[in-house]
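Written below as C-alpha cells is the structure these notes are about.
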Amino acid sequence: MRGQSYSFLEVDPEFLRKYVKELVDSGARFSTSVAVDERPINSCFSHSYILFLRDRGYIVVTAKLPSDRAGHDTLTDIVPGVEWAEREAMELLGIKIRGLPKRRRLILPENWPNNVHPLRKDFDYNYRPVEKAEIEVEGLPIGPYHPALHEPESFRLYVKGEEIVDAEYVGFLVHRGVEKVAEGRLTYNQIPFIAERICGICGFIHSTLYCNAVERAAGIDVPERAKWIRSFMLELERIHSHLLLVGVVCHLAGFDTGFMHAWRLREEFMRLAERISGNRKTYGMNLVGGVRRDLDNIAALDFLKDSRRRIDEYVNMLMENRLLIKRCEGIGVLGRQDARKICVVGPVARASGVDIDVRRDSPYEAYGELSFRVPVHMEGDVLSRVIVRLEEIRESISMLEQIADRMPKGPIMAEVREIPPLVRSLAAGEAPRGEDIHFLVTGRDNKIYRWRVRAPSYNNIPALPLMLRGNLIADAPLIIGSIDPCFSCTDRCVVLRDGRKYKLEEVVGRRS
Amino acid sequence: MRRVLKAAVETGVVTRPYPFVPSEVPPGFRGRPRIDFDNCIGCGACASACPPNAITIEEGDGFRRISLFLGRCNFCARCEEVCPVKAVKMTGEFELSSNNKEDLCQILELKMVRCSVCGRFFATERELKRAKEELEKKGIRVEEIVMCPECRERASANLESLARR
C-alpha cells in the first residue's frame with residue numbers, strides 16, 4: 001500500500017463499542033478520538049474514534065449523538081488508552097460518557113462551573129465564566145537530593161502558583177555523630193583530622209579552631225610562625241571556597257562559562273595547597289601546639305604574583321554579564337533587621353549590611369597583624385552575596401601576600417605537656433561561610449570530655465525561609481545556593497562505622 | 001560577551017588528558033602509606049597515633065600482626081611522622097580503587113619473644129634488638145636475660161628488698 005489511506009465508518013451509537021472492539025480484536029491500534037459539535041448543521045454531536053489497522057490504514061469510526069441525549073458508554077474497558085480523549089470530549093464538549101472512572105478534571109480548572117463546555121459552538125470565544133482563578137497554596141518538596149549543592153537536605157516550599165509564600169527546612173539528614181566519636185574514642189591529636197572532615201570545603205578552619213580551643217585550655221604558646229602558616233592556609237581555603245561558590249552561582253543561573261572559569265582559577269589554588277600540605281583539600285597540617293609542615297614563602301609569593309590579575313579579569317567578565325546580574329539582582333533579599341534577628345554570619349550577614357568579621361573583631365592566629373578591609377553591602381540580595389565574596393577573594397590574596405612576605409622565622413610546633421582536665425575553652429574563627437565556633441571541655445586519659453562545633457551554615461540556613469518568601473520557584477535553587485550552605489558542617493558528619501573491625505582472615509598478602 | 005570570548009581564547013584547553021596520561025603529584029604528596037617490612041620493629045606507635053584506626057595491632061601464636069587497611073586510611077601521614085625507625089612512608093600512589101578488598105591491605109607479622117620468667121610473649125625480636133642497640137649506643141651494658149615488664153618490676157622489687165635486708 002502506497003500513500004496514506006483512511007476510511008470513514010459511521011455507526012449507530014449503540015454499536016460503537018461493538019465495532020471498535022472488533023477492530024481492536026483484529027489488531028487495530030487506537031490513535032485518538034474527536035468530538036464535534038454539529039448541532040448548527042444537523043442537531044447532533046459526533047464522536048469519532050480513530051484507529052489504525054495494518055494494511056487498511058486509518059479507520060475513523062463515527063457515532064452521531066442526538067443533541068438531547070449526547071452520550072455513550074465508555075470504551076476504556078476495551079482500550080484503556082482512550083481515557084484522556086474521552087475525558088476531553090466530556091469536559092470540552094459535554095458528551096456524557098458513561099462509566100468513566102471518577103477522577104479530577106483533566107483539562108478544565110477546578111473552579112470552572114459545571115455544564116459549561118468551551119468547545120461547544122454556543123460558547124463565545126471571549127466568554128469568561130471565571131473572572132480570576134483562586135490559587136491554592138500547595139506544598140512543593142525540594143530535595144533531599146541537590147536543589148543547589150549536591151548534598152542531602154530538603155526544603156518544603158509552599159507555593160501559590162509560581163510564587164513561594166513560605167518555606168520549611170528539613171535537615172540534619174547527615175548527622176553522623178562526629179562529636180560523639182571524638183569524645184568517646186579519639187585522643188587529642190587524632191581529633192584535628194576528624195575536625196577537618198566536618199566540612200568538605202572549609203575543613204581547615206575546623207581543625208584550627210579545635211586546636212585553638214585545646215591550646216587555650218592547656219595554656220600552650222603556639223609559635224608565631226605556626227600561627228602565620230595557619231592563617232595562610234585559612235585564607236587559601238577561603239579563596240578556593242569562595243571561587244567554588246561563585247562558580248556554583250553561575251551554574252545555577254545558567255552561566256556555565258562563568259562556572260568553568262571560576263573552577264579553573266580555583267584549581268590553581270588547590271594545587272598550591274597540594275604542594276604545601278601534600279593534599280589539595282584535607283591539608284592535615286594542624287596538631288595541638290602548631291603545624292606539621294613548614295611553608296616555602298618564596299614559592300608561595302611567586303605563585304601569588306599573577307593571581308590577582310587573573311581574578312580581576314574573571315570578576316570583570318562576571319560583572320559585565322548583564323544576564324547574570326539580572327538573574328541575581330533583587331532576589332532572595334534578606335533585610336538588615338532580619339539578618340540581625342536571625343543572627344546570620346559571614347558573607348550572608350555582610351551582604352545584608354551587618355558589619356561583622358571574626359578576623360577583625362576578635363583576631364586569632366596572625367590576623368591581628370594583617371591589614372585588610374571587610375567588604376559590606378546593604379542590598380541583601382543574591383548579587384550582593386556574590387559581590388561580597390568576590391571582594392573578599394581580593395582581600396584574601398592581599399593577606400596571603402602579606403603573610404608570605406612578613407612571616408616570622410622560628411619553630412612551627414610547641415612542646416605540648418599534659419593537658420589539664422575539665423577546663424572549658426572556646427575558639428571562634430571566620431570560616432568562608434562565616435563565624436565558626438568550637439567549644440570544648442578537656443577530659444582525662446588524653447581525651448576531651450565534650451566538644452561542640454557550631455558551623456556557620458547552622459546560623460545561615462534559618463534565614464532561607466525569609467529569603468525565599470515572595471520569590472519565584474525558579475529562583476529557589478539560586479537563593480539556596482547563594483548562602484553557600486554547608487549541610488554536612490551543620491549536621492556535623494563523618495563516615496565511621498562504629499565497632500566494625502575487619503577480620504584478619506578476610507585478607508591475605510601476609511609476610512613474616 | 002567580548003570578554004567571555006577573549007577569556008576562552010586566551011585560556012585554551014585546561015582539561016588534562018588524565019587517565020590516558022598519568023597525573024603527576026608534587027613532592028611531599030600524601031598518597032598511599034606503605035610499611036617497609038625490613039625496617040618495621042612492630043612497636044605499634046603508628047597504630048596508636050592513627051586517627052581512623054586504619055592501622056591495627058593483634059597478637060597471637062607468637063606473632064604480632066600489624067595490619068594496614070587503606071579502606072579506613074585518611075592519608076594524614078601521622079604514621080610516617082611517629083614511626084621511630086622510619087619504616088612507614090607516604091607514597092605518591094593515589095589510584096587505589098579496586099574490586100578486591102585485599103588490594104587495600106598490608107599485613108606484617110613479626111616474631112615475638114617469650115619472657116624468660118613467666119613465658120609470656122611480650123615484645124617482638126626486633127623491638128628488643130633495637131632497645132639493646134640504643135642502650136649500647138649510650139654506653140649501657142645490657143644482659144641477655146629477656147624479661148617482660150611485669151616480671152622485671154617484680155625482680156627489681158625483690159632486689160630492693162634483698163638490698164634492704
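Simple scheme: letters A, B, ... for chains in C-alpha cells order, numbers from 1 for residues in each chain, numbers from 1 for ligands in the order shown.
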inquiry  = Only residues of chain B matter here; which ones have an atom within 8 Å of chain A, counting only C-alpha atoms? Give them as a ChimeraX atom specification.
reply    = /B:1,3-4,14,26-30,49-51,76,101-102,105-111
message = From a backbone DSSP assignment, name each residue in stretch 63-146 of chain B labelled strand (DSSP E), as JSON, numbers by chain.
response = {"B": [63, 64, 65, 66, 67, 68, 69, 88, 89, 90, 105, 106, 107, 108, 109, 110, 111, 112, 113, 114, 121, 122, 123, 124]}
task = Pull the alpha helix (DSSP H) assignments for chain B out of DSSP run on the backbone, and list those residues as a ChimeraX atom specification.
result = /B:2-11,45-49,78-82,125-137,149-164
message = Excluding B:Cys79 and its own-chain neighbours fewer than 2 positions away, which residues fall within 9 Å of it when counting only C-alpha atoms? Please give them as number ranges by chain.
response = B: 33, 45-50, 55, 76-77, 81-83, 88-90
Keeping C-alpha atoms for every residue in the selection just given, could you write it to a file as an mmCIF file, in the first residue's frame?
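File result19.cif, as written:
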```cif
data_model
loop_
_atom_site.group_PDB
_atom_site.id
_atom_site.type_symbol
_atom_site.label_atom_id
_atom_site.label_comp_id
_atom_site.auth_asym_id
_atom_site.auth_seq_id
_atom_site.Cartn_x
_atom_site.Cartn_y
_atom_site.Cartn_z
ATOM 1 C CA PRO B 33 51.209 4.758 53.088
ATOM 2 C CA ALA B 45 53.371 3.738 67.526
ATOM 3 C CA CYS B 46 51.634 4.144 64.166
ATOM 4 C CA ALA B 47 48.602 2.195 65.367
ATOM 5 C CA SER B 48 48.137 4.332 68.446
ATOM 6 C CA ALA B 49 48.568 7.587 66.512
ATOM 7 C CA CYS B 50 46.322 6.558 63.592
ATOM 8 C CA ILE B 55 46.469 0.559 61.386
ATOM 9 C CA CYS B 76 47.138 12.154 57.315
ATOM 10 C CA ALA B 77 50.679 10.715 57.443
ATOM 11 C CA GLU B 81 55.563 11.083 61.454
ATOM 12 C CA VAL B 82 55.584 8.949 64.604
ATOM 13 C CA CYS B 83 57.493 5.919 63.296
ATOM 14 C CA VAL B 88 56.312 3.977 57.174
ATOM 15 C CA LYS B 89 56.494 6.120 54.080
ATOM 16 C CA MET B 90 53.754 8.001 52.262
#
```
Spatial neighbours of stretch 57-67 of chain A, 12 Å, only C-alpha atoms, chain gap at least 6 places, as JSON, numbers by chain = {"A": [1, 2, 3, 4, 5, 6, 7, 8, 9, 10, 11, 12, 13, 14, 15, 16, 17, 18, 19, 20, 21, 22, 23, 24, 27, 28, 29, 30, 31, 32, 33, 34, 35, 36, 37, 38, 39, 40, 41, 42, 43, 44, 45, 46, 47, 48, 49, 50, 51, 73, 93, 94, 95, 96, 97, 120]}
ask   = Taking only C-alpha atoms into account, which of A:Val354, A:Leu140, A:Leu106, A:Leu236 comes nearest A:Ala85?
value =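 Checking each of A:Val354, A:Leu140, A:Leu106, A:Leu236 against A:Ala85, counting only C-alpha atoms, the winner is A:Leu106.
In this model, the gap between atom CA of A:Asn115 and atom CA of A:Val82 comes to 22.0 Å.
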request  = Could you tell me how far atom CA of B:Tyr18 lies from atom CA of A:His240, in Å and to one decimal?
outcome  = 22.2 Å
